[in-house]
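Dumped final_8.cif below, it's mmCIF, C-alpha atoms:
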```cif
data_final
#
loop_
_atom_site.label_atom_id
_atom_site.label_comp_id
_atom_site.auth_asym_id
_atom_site.auth_seq_id
_atom_site.Cartn_x
_atom_site.Cartn_y
_atom_site.Cartn_z
CA MET A 1 6.23 -9.31 17.59
CA ALA A 2 5.47 -6.28 15.40
CA PRO A 3 4.12 -7.08 11.89
CA LEU A 4 7.28 -5.81 10.15
CA ASP A 5 9.77 -6.99 12.74
CA GLY A 6 12.96 -8.07 10.96
CA ILE A 7 12.28 -6.02 7.82
CA LEU A 8 15.04 -3.55 6.93
CA ILE A 9 14.06 -0.43 4.99
CA LEU A 10 16.84 1.57 3.36
CA ASP A 11 15.40 5.09 3.17
CA LEU A 12 16.98 7.38 0.58
CA THR A 13 14.09 9.84 0.66
CA HIS A 14 13.72 13.40 1.85
CA VAL A 15 11.07 16.03 2.61
CA LEU A 16 7.60 14.43 2.87
CA ALA A 17 6.20 11.72 0.54
CA GLY A 18 9.02 9.24 1.07
CA PRO A 19 9.60 9.93 4.78
CA PHE A 20 5.85 9.69 5.42
CA CYS A 21 5.87 6.24 3.81
CA THR A 22 8.89 4.99 5.75
CA GLN A 23 7.54 6.43 9.01
CA THR A 24 4.42 4.31 8.51
CA LEU A 25 6.60 1.23 8.01
CA GLN A 26 8.70 2.11 11.07
CA ASP A 27 5.52 2.45 13.13
CA LEU A 28 4.63 -1.10 12.03
CA GLY A 29 7.92 -2.46 13.31
CA ALA A 30 10.39 -2.15 10.43
CA ARG A 31 13.94 -0.98 10.99
CA VAL A 32 14.48 2.16 8.90
CA ILE A 33 18.00 3.37 8.08
CA LYS A 34 17.83 6.87 6.67
CA VAL A 35 20.63 7.69 4.21
CA GLU A 36 21.19 11.46 4.20
CA ARG A 37 23.39 14.00 2.46
CA PRO A 38 26.55 14.80 4.42
CA GLY A 39 26.49 18.21 6.05
CA THR A 40 22.85 19.15 5.56
CA GLY A 41 20.86 15.92 5.65
CA ASP A 42 17.14 15.86 4.85
CA ASP A 43 15.87 19.29 3.75
CA THR A 44 13.25 19.20 6.50
CA ARG A 45 15.92 19.48 9.18
CA ALA A 46 15.87 23.16 8.21
CA PHE A 47 12.05 23.50 8.11
CA PRO A 48 10.29 25.53 10.84
CA PRO A 49 8.91 25.47 13.45
CA PHE A 50 11.96 24.98 15.65
CA LEU A 51 12.45 24.07 19.30
CA GLN A 52 15.95 24.64 20.66
CA GLY A 53 17.15 24.92 17.09
CA GLU A 54 15.69 21.58 15.96
CA SER A 55 12.86 21.11 13.45
CA ALA A 56 9.53 19.88 14.79
CA TYR A 57 8.57 19.04 11.19
CA PHE A 58 11.53 16.67 10.83
CA ALA A 59 10.94 15.12 14.25
CA THR A 60 7.36 14.12 13.48
CA LEU A 61 8.28 12.40 10.19
CA ASN A 62 11.38 10.51 11.30
CA ALA A 63 10.78 9.28 14.83
CA GLY A 64 12.68 6.09 15.58
CA LYS A 65 14.68 5.94 12.35
CA GLN A 66 18.46 5.68 12.20
CA SER A 67 20.65 8.08 10.23
CA ILE A 68 23.86 7.65 8.29
CA ALA A 69 25.27 10.35 6.01
CA LEU A 70 26.68 9.05 2.72
CA ASP A 71 28.05 10.81 -0.37
CA LEU A 72 26.84 8.60 -3.21
CA LYS A 73 29.64 9.86 -5.45
CA ALA A 74 32.43 8.95 -2.99
CA ASP A 75 33.89 5.45 -3.31
CA ALA A 76 34.15 4.81 0.42
CA ASP A 77 30.54 5.81 1.06
CA ARG A 78 29.32 3.87 -1.98
CA ALA A 79 30.97 0.80 -0.53
CA ILE A 80 28.96 1.29 2.67
CA LEU A 81 25.76 1.75 0.69
CA ASP A 82 26.51 -1.43 -1.27
CA ARG A 83 26.74 -3.35 1.99
CA LEU A 84 23.48 -1.83 3.22
CA VAL A 85 21.66 -2.66 -0.02
CA ALA A 86 22.82 -6.27 0.26
CA ARG A 87 21.17 -6.52 3.68
CA ALA A 88 18.01 -4.52 2.93
CA ASP A 89 14.53 -5.83 2.19
CA VAL A 90 13.32 -2.57 0.68
CA LEU A 91 15.02 0.47 -0.83
CA VAL A 92 12.88 3.61 -0.97
CA GLU A 93 13.87 6.67 -3.00
CA ASN A 94 12.26 9.88 -4.23
CA TYR A 95 14.83 11.28 -6.60
CA ARG A 96 13.84 12.45 -10.06
CA PRO A 97 13.54 9.43 -12.41
CA GLY A 98 16.92 8.37 -13.75
CA VAL A 99 19.07 9.87 -10.98
CA MET A 100 19.54 6.59 -9.11
CA ALA A 101 20.32 4.73 -12.35
CA ARG A 102 23.03 7.25 -13.21
CA LEU A 103 24.54 6.68 -9.78
CA GLY A 104 24.51 2.92 -10.40
CA TYR A 105 21.63 2.21 -8.02
CA GLY A 106 18.66 1.99 -10.35
CA TRP A 107 16.10 -0.81 -10.33
CA GLU A 108 17.60 -2.89 -13.12
CA ALA A 109 21.13 -2.87 -11.73
CA LEU A 110 20.02 -3.65 -8.18
CA HIS A 111 17.49 -6.28 -9.22
CA THR A 112 20.22 -8.16 -11.08
CA LYS A 113 22.46 -8.20 -8.01
CA HIS A 114 19.75 -8.54 -5.37
CA PRO A 115 16.66 -10.23 -6.85
CA ARG A 116 14.81 -10.25 -3.52
CA LEU A 117 15.17 -6.49 -3.02
CA ILE A 118 11.99 -4.43 -3.30
CA TYR A 119 12.68 -1.08 -4.98
CA ALA A 120 10.10 1.61 -4.21
CA ALA A 121 10.19 4.97 -6.00
CA VAL A 122 7.91 7.96 -5.49
CA SER A 123 8.10 11.02 -7.73
CA GLY A 124 5.94 13.84 -9.00
CA PHE A 125 4.88 12.27 -12.29
CA GLY A 126 6.18 8.70 -12.15
CA GLN A 127 8.93 6.81 -13.93
CA THR A 128 7.21 6.90 -17.34
CA GLY A 129 5.23 9.33 -19.48
CA PRO A 130 6.08 12.60 -21.22
CA ASP A 131 6.41 14.59 -17.99
CA ALA A 132 8.42 12.09 -15.95
CA GLN A 133 11.38 14.48 -15.72
CA LYS A 134 9.41 17.50 -14.54
CA PRO A 135 9.87 18.64 -10.94
CA ALA A 136 6.86 18.67 -8.65
CA TYR A 137 5.81 19.73 -5.21
CA ASP A 138 2.58 19.16 -3.34
CA MET A 139 0.84 22.24 -4.70
CA VAL A 140 1.83 21.40 -8.28
CA VAL A 141 0.07 18.03 -8.21
CA GLN A 142 -2.91 19.36 -6.24
CA ALA A 143 -3.35 21.87 -9.07
CA ARG A 144 -2.76 19.54 -12.00
CA GLY A 145 -4.68 16.65 -10.46
CA GLY A 146 -7.84 18.76 -10.15
CA VAL A 147 -7.98 18.89 -6.36
CA MET A 148 -7.57 22.68 -6.23
CA SER A 149 -10.36 23.14 -8.76
CA ILE A 150 -12.91 21.67 -6.34
CA THR A 151 -11.50 23.21 -3.14
CA GLY A 152 -12.58 26.58 -1.75
CA GLU A 153 -15.76 28.61 -1.84
CA THR A 154 -18.13 28.69 -4.80
CA GLY A 155 -17.06 31.47 -7.15
CA GLY A 156 -13.76 31.94 -5.36
CA PRO A 157 -10.21 31.31 -6.55
CA PRO A 158 -8.66 27.82 -6.44
CA VAL A 159 -7.50 26.82 -2.95
CA ARG A 160 -4.82 24.36 -1.89
CA VAL A 161 -5.91 21.75 0.66
CA GLY A 162 -4.34 22.77 3.98
CA ALA A 163 -2.58 19.45 4.56
CA SER A 164 0.03 18.43 1.98
CA ILE A 165 -2.11 15.68 0.49
CA GLY A 166 -0.10 15.63 -2.73
CA ASP A 167 2.81 14.19 -0.79
CA ILE A 168 0.95 12.38 1.96
CA VAL A 169 -1.42 10.38 -0.22
CA ALA A 170 1.47 9.33 -2.48
CA GLY A 171 3.34 8.19 0.64
CA MET A 172 0.33 6.15 1.71
CA TYR A 173 0.06 4.43 -1.67
CA LEU A 174 3.81 3.76 -1.64
CA ALA A 175 3.53 2.07 1.76
CA GLN A 176 0.63 -0.05 0.48
CA GLY A 177 2.68 -1.07 -2.54
CA ILE A 178 5.63 -2.06 -0.36
CA LEU A 179 3.44 -4.18 1.91
CA ALA A 180 1.90 -5.92 -1.11
CA ALA A 181 5.36 -6.56 -2.60
CA LEU A 182 6.63 -8.00 0.68
CA TYR A 183 3.66 -10.40 0.76
CA GLN A 184 4.23 -11.37 -2.87
CA ARG A 185 7.92 -12.00 -2.20
CA GLU A 186 7.00 -14.52 0.47
CA ARG A 187 5.37 -16.61 -2.28
CA THR A 188 7.72 -15.97 -5.22
CA GLY A 189 11.08 -15.06 -3.67
CA GLU A 190 11.29 -12.13 -6.08
CA GLY A 191 11.45 -8.43 -5.35
CA ALA A 192 9.50 -5.87 -7.37
CA LEU A 193 9.67 -2.31 -8.63
CA ILE A 194 7.03 0.01 -7.16
CA ASP A 195 6.43 3.25 -9.07
CA VAL A 196 4.10 5.77 -7.40
CA ALA A 197 3.44 9.20 -8.89
CA MET A 198 2.08 12.04 -6.77
CA LEU A 199 -0.12 13.13 -9.69
CA ASP A 200 -1.58 9.64 -10.09
CA ALA A 201 -2.42 9.56 -6.40
CA GLN A 202 -4.32 12.86 -6.61
CA LEU A 203 -6.57 11.46 -9.32
CA ALA A 204 -7.09 8.22 -7.42
CA ILE A 205 -8.60 9.96 -4.37
CA GLN A 206 -11.19 11.99 -6.30
CA GLU A 207 -14.32 9.95 -5.91
CA HIS A 208 -16.97 12.58 -6.65
CA GLY A 209 -15.07 14.96 -8.91
CA LEU A 210 -14.07 12.18 -11.29
CA ALA A 211 -17.52 10.60 -11.30
CA ILE A 212 -19.27 13.91 -12.00
CA ALA A 213 -16.90 14.92 -14.80
CA ALA A 214 -16.92 11.48 -16.45
CA ALA A 215 -20.69 11.05 -16.24
CA THR A 216 -21.77 14.55 -17.24
CA GLY A 217 -18.87 16.04 -19.16
CA VAL A 218 -19.09 19.07 -16.88
CA ALA A 219 -16.22 19.95 -14.55
CA PRO A 220 -17.43 20.32 -10.95
CA GLY A 221 -16.38 23.44 -9.11
CA PRO A 222 -15.70 24.19 -5.45
CA THR A 223 -18.60 23.96 -3.00
CA GLY A 224 -16.90 25.23 0.13
CA ALA A 225 -17.56 23.02 3.13
CA ARG A 226 -20.68 21.58 1.49
CA HIS A 227 -20.72 18.05 0.09
CA PRO A 228 -21.31 18.22 -3.67
CA THR A 229 -24.00 15.50 -3.82
CA ILE A 230 -25.44 15.12 -0.29
CA THR A 231 -27.50 17.79 1.53
CA PRO A 232 -27.45 18.90 4.33
CA PHE A 233 -23.82 17.91 4.72
CA ALA A 234 -21.91 21.07 5.59
CA THR A 235 -20.89 23.58 8.24
CA PHE A 236 -23.56 25.76 9.82
CA ARG A 237 -23.20 28.90 11.89
CA ALA A 238 -24.06 28.72 15.57
CA ALA A 239 -24.11 31.58 18.05
CA ASP A 240 -20.38 31.25 18.81
CA GLY A 241 -18.83 29.36 15.91
CA PHE A 242 -19.46 26.63 13.38
CA VAL A 243 -20.93 23.16 13.71
CA VAL A 244 -20.81 20.37 11.14
CA ILE A 245 -24.11 18.66 10.40
CA ALA A 246 -23.93 15.58 8.17
CA ALA A 247 -27.42 14.23 7.52
CA GLY A 248 -26.53 11.56 5.01
CA ASN A 249 -29.99 10.19 4.17
CA ASP A 250 -33.69 10.99 4.35
CA ALA A 251 -34.16 9.38 7.76
CA MET A 252 -31.36 11.49 9.23
CA PHE A 253 -32.83 14.60 7.64
CA GLY A 254 -36.15 13.81 9.30
CA ARG A 255 -34.48 13.53 12.71
CA LEU A 256 -32.61 16.77 12.06
CA CYS A 257 -35.87 18.55 11.32
CA ASP A 258 -37.30 17.22 14.58
CA VAL A 259 -34.27 18.47 16.53
CA LEU A 260 -34.44 21.91 14.92
CA GLY A 261 -38.23 22.20 15.12
CA LEU A 262 -38.49 22.62 11.34
CA THR A 263 -41.36 21.08 9.34
CA LEU A 264 -39.35 20.47 6.20
CA ALA A 265 -39.07 16.69 5.92
CA THR A 266 -42.23 16.41 3.80
CA ASP A 267 -41.79 19.72 1.96
CA PRO A 268 -41.32 18.80 -1.73
CA ARG A 269 -38.39 21.22 -1.94
CA PHE A 270 -36.51 19.12 0.64
CA ALA A 271 -38.19 15.70 0.83
CA THR A 272 -35.46 13.95 -1.19
CA ASN A 273 -31.71 14.34 -1.33
CA ALA A 274 -31.92 15.44 -4.98
CA ALA A 275 -34.42 18.16 -4.04
CA ARG A 276 -32.31 19.25 -1.10
CA CYS A 277 -29.23 19.53 -3.32
CA GLU A 278 -31.21 21.62 -5.78
CA ASN A 279 -32.33 23.93 -2.98
CA HIS A 280 -29.25 23.75 -0.77
CA ALA A 281 -28.81 27.52 -0.37
CA LEU A 282 -32.38 28.00 0.85
CA LEU A 283 -32.12 24.99 3.16
CA LYS A 284 -28.91 26.35 4.68
CA ARG A 285 -30.60 29.67 5.45
CA LEU A 286 -33.57 27.93 7.06
CA ILE A 287 -31.34 25.73 9.21
CA GLU A 288 -29.17 28.65 10.28
CA THR A 289 -32.18 30.66 11.42
CA VAL A 290 -32.35 28.04 14.17
CA THR A 291 -28.68 27.16 14.77
CA LEU A 292 -27.66 30.81 15.20
CA GLY A 293 -29.83 30.90 18.30
CA GLN A 294 -27.65 28.56 20.38
CA PRO A 295 -23.90 27.97 20.91
CA VAL A 296 -21.99 25.10 19.33
CA ALA A 297 -21.94 23.13 22.60
CA HIS A 298 -25.74 23.07 22.67
CA TRP A 299 -25.98 21.73 19.13
CA LEU A 300 -23.35 19.08 19.72
CA GLU A 301 -25.35 17.80 22.67
CA VAL A 302 -28.75 17.67 20.97
CA LEU A 303 -27.44 16.36 17.65
CA ASP A 304 -25.43 13.64 19.39
CA LYS A 305 -28.53 12.64 21.36
CA ALA A 306 -30.45 12.32 18.10
CA GLY A 307 -27.73 10.09 16.61
CA LEU A 308 -26.74 12.63 13.96
CA PRO A 309 -23.10 12.90 12.83
CA THR A 310 -21.77 16.24 14.04
CA ALA A 311 -18.59 17.95 15.15
CA ARG A 312 -17.19 21.25 16.23
CA VAL A 313 -14.78 22.77 13.69
CA GLN A 314 -11.66 22.52 15.85
CA ASP A 315 -8.39 24.35 15.37
CA MET A 316 -5.16 22.41 15.80
CA VAL A 317 -4.65 23.52 19.41
CA GLU A 318 -8.08 22.11 20.22
CA VAL A 319 -7.26 18.94 18.28
CA LEU A 320 -4.18 18.38 20.47
CA ALA A 321 -6.44 18.36 23.52
CA ASP A 322 -9.17 16.17 21.99
CA PRO A 323 -9.98 13.42 24.53
CA GLN A 324 -10.91 10.87 21.85
CA LEU A 325 -7.57 11.27 20.07
CA ARG A 326 -5.71 11.12 23.37
CA ALA A 327 -7.60 7.98 24.40
CA ARG A 328 -6.47 6.40 21.11
CA ASN A 329 -2.79 7.28 21.72
CA MET A 330 -2.79 9.54 18.68
CA ILE A 331 -1.09 12.52 20.33
CA LEU A 332 2.24 11.40 21.70
CA PRO A 333 5.41 12.92 23.11
CA VAL A 334 8.60 12.29 21.19
CA THR A 335 11.27 11.14 23.64
CA PRO A 336 13.96 13.81 23.47
CA HIS A 337 17.67 13.28 23.06
CA ALA A 338 19.64 14.20 26.19
CA GLY A 339 19.23 17.94 26.60
CA GLY A 340 17.14 18.12 23.43
CA PRO A 341 13.66 19.56 22.83
CA ALA A 342 10.46 17.66 23.59
CA PHE A 343 8.29 17.40 20.46
CA THR A 344 4.73 16.15 19.97
CA ALA A 345 3.84 13.88 17.05
CA PRO A 346 0.91 11.80 15.79
CA GLY A 347 0.66 8.24 17.00
CA ASN A 348 0.11 5.23 14.76
CA PRO A 349 -3.44 5.25 13.32
CA ILE A 350 -3.15 1.57 12.31
CA LYS A 351 -4.31 -0.32 15.38
CA ILE A 352 -3.36 -4.02 15.25
CA SER A 353 -4.05 -6.45 18.08
CA THR A 354 -0.50 -7.86 17.89
CA LEU A 355 1.14 -4.43 17.95
CA PRO A 356 0.91 -2.66 21.31
CA ASP A 357 0.15 1.04 21.02
CA GLN A 358 3.06 3.26 21.90
CA THR A 359 2.63 5.88 24.60
CA ALA A 360 5.75 7.77 23.51
CA LEU A 361 7.73 7.84 20.29
CA PRO A 362 11.48 7.34 19.98
CA PRO A 363 13.47 10.40 18.95
CA ALA A 364 14.25 11.31 15.37
CA PRO A 365 17.91 10.64 14.56
CA ARG A 366 20.71 13.16 14.69
CA LEU A 367 22.32 13.59 11.28
CA ASP A 368 24.78 10.70 10.85
CA GLY A 369 24.16 9.89 14.49
CA ASP A 370 23.97 6.14 13.94
CA ARG A 371 27.01 5.69 11.70
CA GLU A 372 29.10 3.79 14.23
CA ALA A 373 26.25 1.49 15.25
CA ILE A 374 25.31 0.78 11.63
CA LEU A 375 28.91 0.05 10.60
CA ALA A 376 29.37 -2.21 13.62
CA TRP A 377 26.20 -4.09 12.68
CA LEU A 378 27.44 -4.51 9.09
CA ASP A 379 30.77 -5.88 10.36
CA GLN A 380 28.94 -8.51 12.36
CA GLY A 381 27.79 -10.04 9.05
#
```
Can the structure in the file be given as structure tokens, please?
Amino acid sequence: MAPLDGILILDLTHVLAGPFCTQTLQDLGARVIKVERPGTGDDTRAFPPFLQGESAYFATLNAGKQSIALDLKADADRAILDRLVARADVLVENYRPGVMARLGYGWEALHTKHPRLIYAAVSGFGQTGPDAQKPAYDMVVQARGGVMSITGETGGPPVRVGASIGDIVAGMYLAQGILAALYQRERTGEGALIDVAMLDAQLAIQEHGLAIAAATGVAPGPTGARHPTITPFATFRAADGFVVIAAGNDAMFGRLCDVLGLTLATDPRFATNAARCENHALLKRLIETVTLGQPVAHWLEVLDKAGLPTARVQDMVEVLADPQLRARNMILPVTPHAGGPAFTAPGNPIKISTLPDQTALPPAPRLDGDREAILAWLDQG
């Protein structure tokens, strides 16, 4: 039995943070009913890239969910939603704070009627605070949360992290909150309100930036691919590309010097991590005088043999062919609807002994495609 077998998630979210959260819960065995706007559905149904007119973006975030389209201002559809809420364990929403309350589906109203219901809300700035009503997207919270200030090359302009971590990290924290609330409910019988802000989540993941600023009063800047407090811990040029070398302590640095044929381990400019950080630019030049002489494949082989953490900087096409990821069932086909396109999506990174790994994912739902089945299930009581 899957860990969340028997748990019903009512998903009133769209785009990324909320759907990412509910996809995680679906992967762990929950039943997720996605409530969408009639006619258009989730915005991401219209996001490229497309295969046979269908969004690959939507498919990878909604595999295995069910869809019903409801107009929350129409009496007949509100009656259906009321019946769904009465059966749900968790309601997840990512509207601007106050919208659900104005519709009659806010936390206080639902908690009074359904005290066991867990109400999970994710928004740009949270349910409280002076900016709670401001709109936000991923890039907005990456900027305001300081992430963009430490991303990019030294001296260059601020850079957004390539993955939408403003949304994704908030979705991760929301899923954690839901799992904690479900566990708590087993002991108390009471549901809970979960309030996750994308901005809060951006601050929470900044381990070095926050520590440096708080301890020194100086705002750290971007360091490119280099770690801000460990050296050498960066990308280095090889004859045909880039290789990551992560020598995280003095012993590893000594082994790296042996591999490269450099007599630097006892050089006072590089003998300690603090010294190496102080002289990182010089050290990078000295290392690259050697690494430029051989291709990436050579360095991967010799660094692996020496037990040094290393990797090729892979593009996403190379990632899709990575044998380690494929062995871990992390690159999976999405089972297509009849006559529909075949998508590829990430597998479940949470490996649990009681949850067999999937080798293919169920399809994402057609808009309102599960209405009849959901209504029939409700009628069964």
- Hey, can you pull every residue with an atom no more than 10 Å from (-34.0, 18.7, 5.5), using all atoms listed in the file, and send it as an MDAnalysis selection string? chainID A and resid 231:232 247 249:258 260 262:267 269:273 275:276 280 283:284 286:287
- Item | Expected selection from the PyMOL selection byres ((chain A and resi 361-364) around 6), given as number ranges by chain | A: 59, 62-64, 334-336, 360, 365
Deliver the residues from the most recent selection as a file, using C-alpha atoms, as a CSV table (one decimal), keeping the file's coordinate frame.
```
chain,number,residue,atom,x,y,z
A,59,ALA,CA,10.9,15.1,14.2
A,62,ASN,CA,11.4,10.5,11.3
A,63,ALA,CA,10.8,9.3,14.8
A,64,GLY,CA,12.7,6.1,15.6
A,334,VAL,CA,8.6,12.3,21.2
A,335,THR,CA,11.3,11.1,23.6
A,336,PRO,CA,14.0,13.8,23.5
A,360,ALA,CA,5.8,7.8,23.5
A,365,PRO,CA,17.9,10.6,14.6
```
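Considering all atoms listed in the file, the residue among A:Lys113, A:Thr22, A:Gly29, A:Ala234 positioned nearest to A:Thr354 is A:Gly29.
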- Looking at A:Leu8, A:Leu303, A:Ile165, A:Val141, which one is nearest to A:Arg87, with distances taken over only C-alpha atoms?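 Between A:Leu8, A:Leu303, A:Ile165, A:Val141, the residue approaching A:Arg87 most closely is A:Leu8.
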Quick one: which residues end up in the PyMOL selection byres ((chain A and resi 40-51) around 12) for this structure, as a compact mmCIF listing (two decimals) with C-alpha atoms, in the frame of the given file?
```
# COMPACT_ATOMS: atom_id res chain seq x y z
CA ASP A 11 15.40 5.09 3.17
CA LEU A 12 16.98 7.38 0.58
CA THR A 13 14.09 9.84 0.66
CA HIS A 14 13.72 13.40 1.85
CA VAL A 15 11.07 16.03 2.61
CA LEU A 16 7.60 14.43 2.87
CA ALA A 17 6.20 11.72 0.54
CA GLY A 18 9.02 9.24 1.07
CA PRO A 19 9.60 9.93 4.78
CA LYS A 34 17.83 6.87 6.67
CA VAL A 35 20.63 7.69 4.21
CA GLU A 36 21.19 11.46 4.20
CA ARG A 37 23.39 14.00 2.46
CA PRO A 38 26.55 14.80 4.42
CA GLY A 39 26.49 18.21 6.05
CA GLN A 52 15.95 24.64 20.66
CA GLY A 53 17.15 24.92 17.09
CA GLU A 54 15.69 21.58 15.96
CA SER A 55 12.86 21.11 13.45
CA ALA A 56 9.53 19.88 14.79
CA TYR A 57 8.57 19.04 11.19
CA PHE A 58 11.53 16.67 10.83
CA ALA A 59 10.94 15.12 14.25
CA THR A 60 7.36 14.12 13.48
CA LEU A 61 8.28 12.40 10.19
CA ASN A 62 11.38 10.51 11.30
CA SER A 67 20.65 8.08 10.23
CA ILE A 68 23.86 7.65 8.29
CA ALA A 69 25.27 10.35 6.01
CA LEU A 70 26.68 9.05 2.72
CA ASP A 71 28.05 10.81 -0.37
CA ASN A 94 12.26 9.88 -4.23
CA PRO A 336 13.96 13.81 23.47
CA GLY A 339 19.23 17.94 26.60
CA GLY A 340 17.14 18.12 23.43
CA PRO A 341 13.66 19.56 22.83
CA ALA A 342 10.46 17.66 23.59
CA PHE A 343 8.29 17.40 20.46
CA THR A 344 4.73 16.15 19.97
CA ALA A 364 14.25 11.31 15.37
CA PRO A 365 17.91 10.64 14.56
CA ARG A 366 20.71 13.16 14.69
CA LEU A 367 22.32 13.59 11.28
CA ASP A 368 24.78 10.70 10.85
CA GLY A 369 24.16 9.89 14.49
```
- In Å, with one decimal, what is the gap from atom CA of A:Val147 to atom CA of A:Gln202?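 Going from atom CA of A:Val147 over to atom CA of A:Gln202, I get 7.1 Å.
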- Atomic separation - atom CA of A:Met148 relative to atom CA of A:Val161, Å: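 A separation of 7.1 Å between them.
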- Message: Using all atoms listed in the file, which protein or nucleic acid residues come within 6 Å of A:Asp138? Drop anything in the same chain fewer than 3 positions from it, and give the result as a PyMOL selection string.
- Response: chain A and resi 141+164+166-167
- Interatomic distance, atom CA of A:Thr310 to atom CA of A:His298 (Å, one decimal):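 One can read the atom CA of A:Thr310 to atom CA of A:His298 distance as 11.7 Å.
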- Which residue gives the smallest distance to A:Phe20 among A:Arg102, A:Leu81, A:Pro346, A:Gly126, with only C-alpha atoms counted?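 The shortest atom-to-atom distance to A:Phe20 comes from A:Pro346.
Nearest residue to A:Asp27, choosing from A:Ala175, A:Ala219, A:Ala311, A:Val92 and counting only C-alpha atoms: A:Ala175.
If you measure from each of A:Gly221, A:Pro97, A:Pro158, A:Pro309 to A:Lys134 using only C-alpha atoms, the closest one turns out to be A:Pro97.
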- Message: Taking all atoms listed in the file into account, name the residue in A:Pro268, A:Asp89, A:Asp315, A:Val243 that is nearest to A:Glu301.
- Response: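 For A:Glu301, the nearest of the given residues is A:Val243.
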- Task: For the file shown, report as a ChimeraX atom specification the outcome of the PyMOL selection byres ((chain A and resi 240) around 10) at residue level.
- Result: /A:237-239,241-243,292-297
With stretch 186-201 of chain A as the partner and 10 Å as the cut-off, tabulate the residues of stretch 127-151 of chain A that qualify, each row holding the nearest pair of atoms and their distance in Å to one decimal, using all atoms listed in the file, sorted by chain and rising number, as JSON lines.
```
{"residue": "A:Gln127", "atom": "CA", "partner": "A:Asp195", "partner_atom": "CA", "distance": 6.5}
{"residue": "A:Thr128", "atom": "CA", "partner": "A:Asp195", "partner_atom": "CA", "distance": 9.1}
{"residue": "A:Ala132", "atom": "CA", "partner": "A:Ala197", "partner_atom": "CA", "distance": 9.1}
{"residue": "A:Ala136", "atom": "CA", "partner": "A:Met198", "partner_atom": "CA", "distance": 8.4}
{"residue": "A:Tyr137", "atom": "CA", "partner": "A:Met198", "partner_atom": "CA", "distance": 8.7}
{"residue": "A:Asp138", "atom": "CA", "partner": "A:Met198", "partner_atom": "CA", "distance": 7.9}
{"residue": "A:Val140", "atom": "CA", "partner": "A:Leu199", "partner_atom": "CA", "distance": 8.6}
{"residue": "A:Val141", "atom": "CA", "partner": "A:Leu199", "partner_atom": "CA", "distance": 5.1}
{"residue": "A:Gln142", "atom": "CA", "partner": "A:Leu199", "partner_atom": "CA", "distance": 7.6}
{"residue": "A:Ala143", "atom": "CA", "partner": "A:Leu199", "partner_atom": "CA", "distance": 9.3}
{"residue": "A:Arg144", "atom": "CA", "partner": "A:Leu199", "partner_atom": "CA", "distance": 7.3}
{"residue": "A:Gly145", "atom": "CA", "partner": "A:Leu199", "partner_atom": "CA", "distance": 5.8}
{"residue": "A:Gly146", "atom": "CA", "partner": "A:Leu199", "partner_atom": "CA", "distance": 9.6}
```
Taking C-alpha atoms for each residue, export the selection above as a PDB file, in the coordinates of the input.
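Okay, selection-v2.pdb is ready:
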```pdb
ATOM      1  CA  GLN A 127       8.930   6.810 -13.930  1.00  0.00           C
ATOM      2  CA  THR A 128       7.210   6.900 -17.340  1.00  0.00           C
ATOM      3  CA  ALA A 132       8.420  12.090 -15.950  1.00  0.00           C
ATOM      4  CA  ALA A 136       6.860  18.670  -8.650  1.00  0.00           C
ATOM      5  CA  TYR A 137       5.810  19.730  -5.210  1.00  0.00           C
ATOM      6  CA  ASP A 138       2.580  19.160  -3.340  1.00  0.00           C
ATOM      7  CA  VAL A 140       1.830  21.400  -8.280  1.00  0.00           C
ATOM      8  CA  VAL A 141       0.070  18.030  -8.210  1.00  0.00           C
ATOM      9  CA  GLN A 142      -2.910  19.360  -6.240  1.00  0.00           C
ATOM     10  CA  ALA A 143      -3.350  21.870  -9.070  1.00  0.00           C
ATOM     11  CA  ARG A 144      -2.760  19.540 -12.000  1.00  0.00           C
ATOM     12  CA  GLY A 145      -4.680  16.650 -10.460  1.00  0.00           C
ATOM     13  CA  GLY A 146      -7.840  18.760 -10.150  1.00  0.00           C
TER      14      GLY A 146
END
```
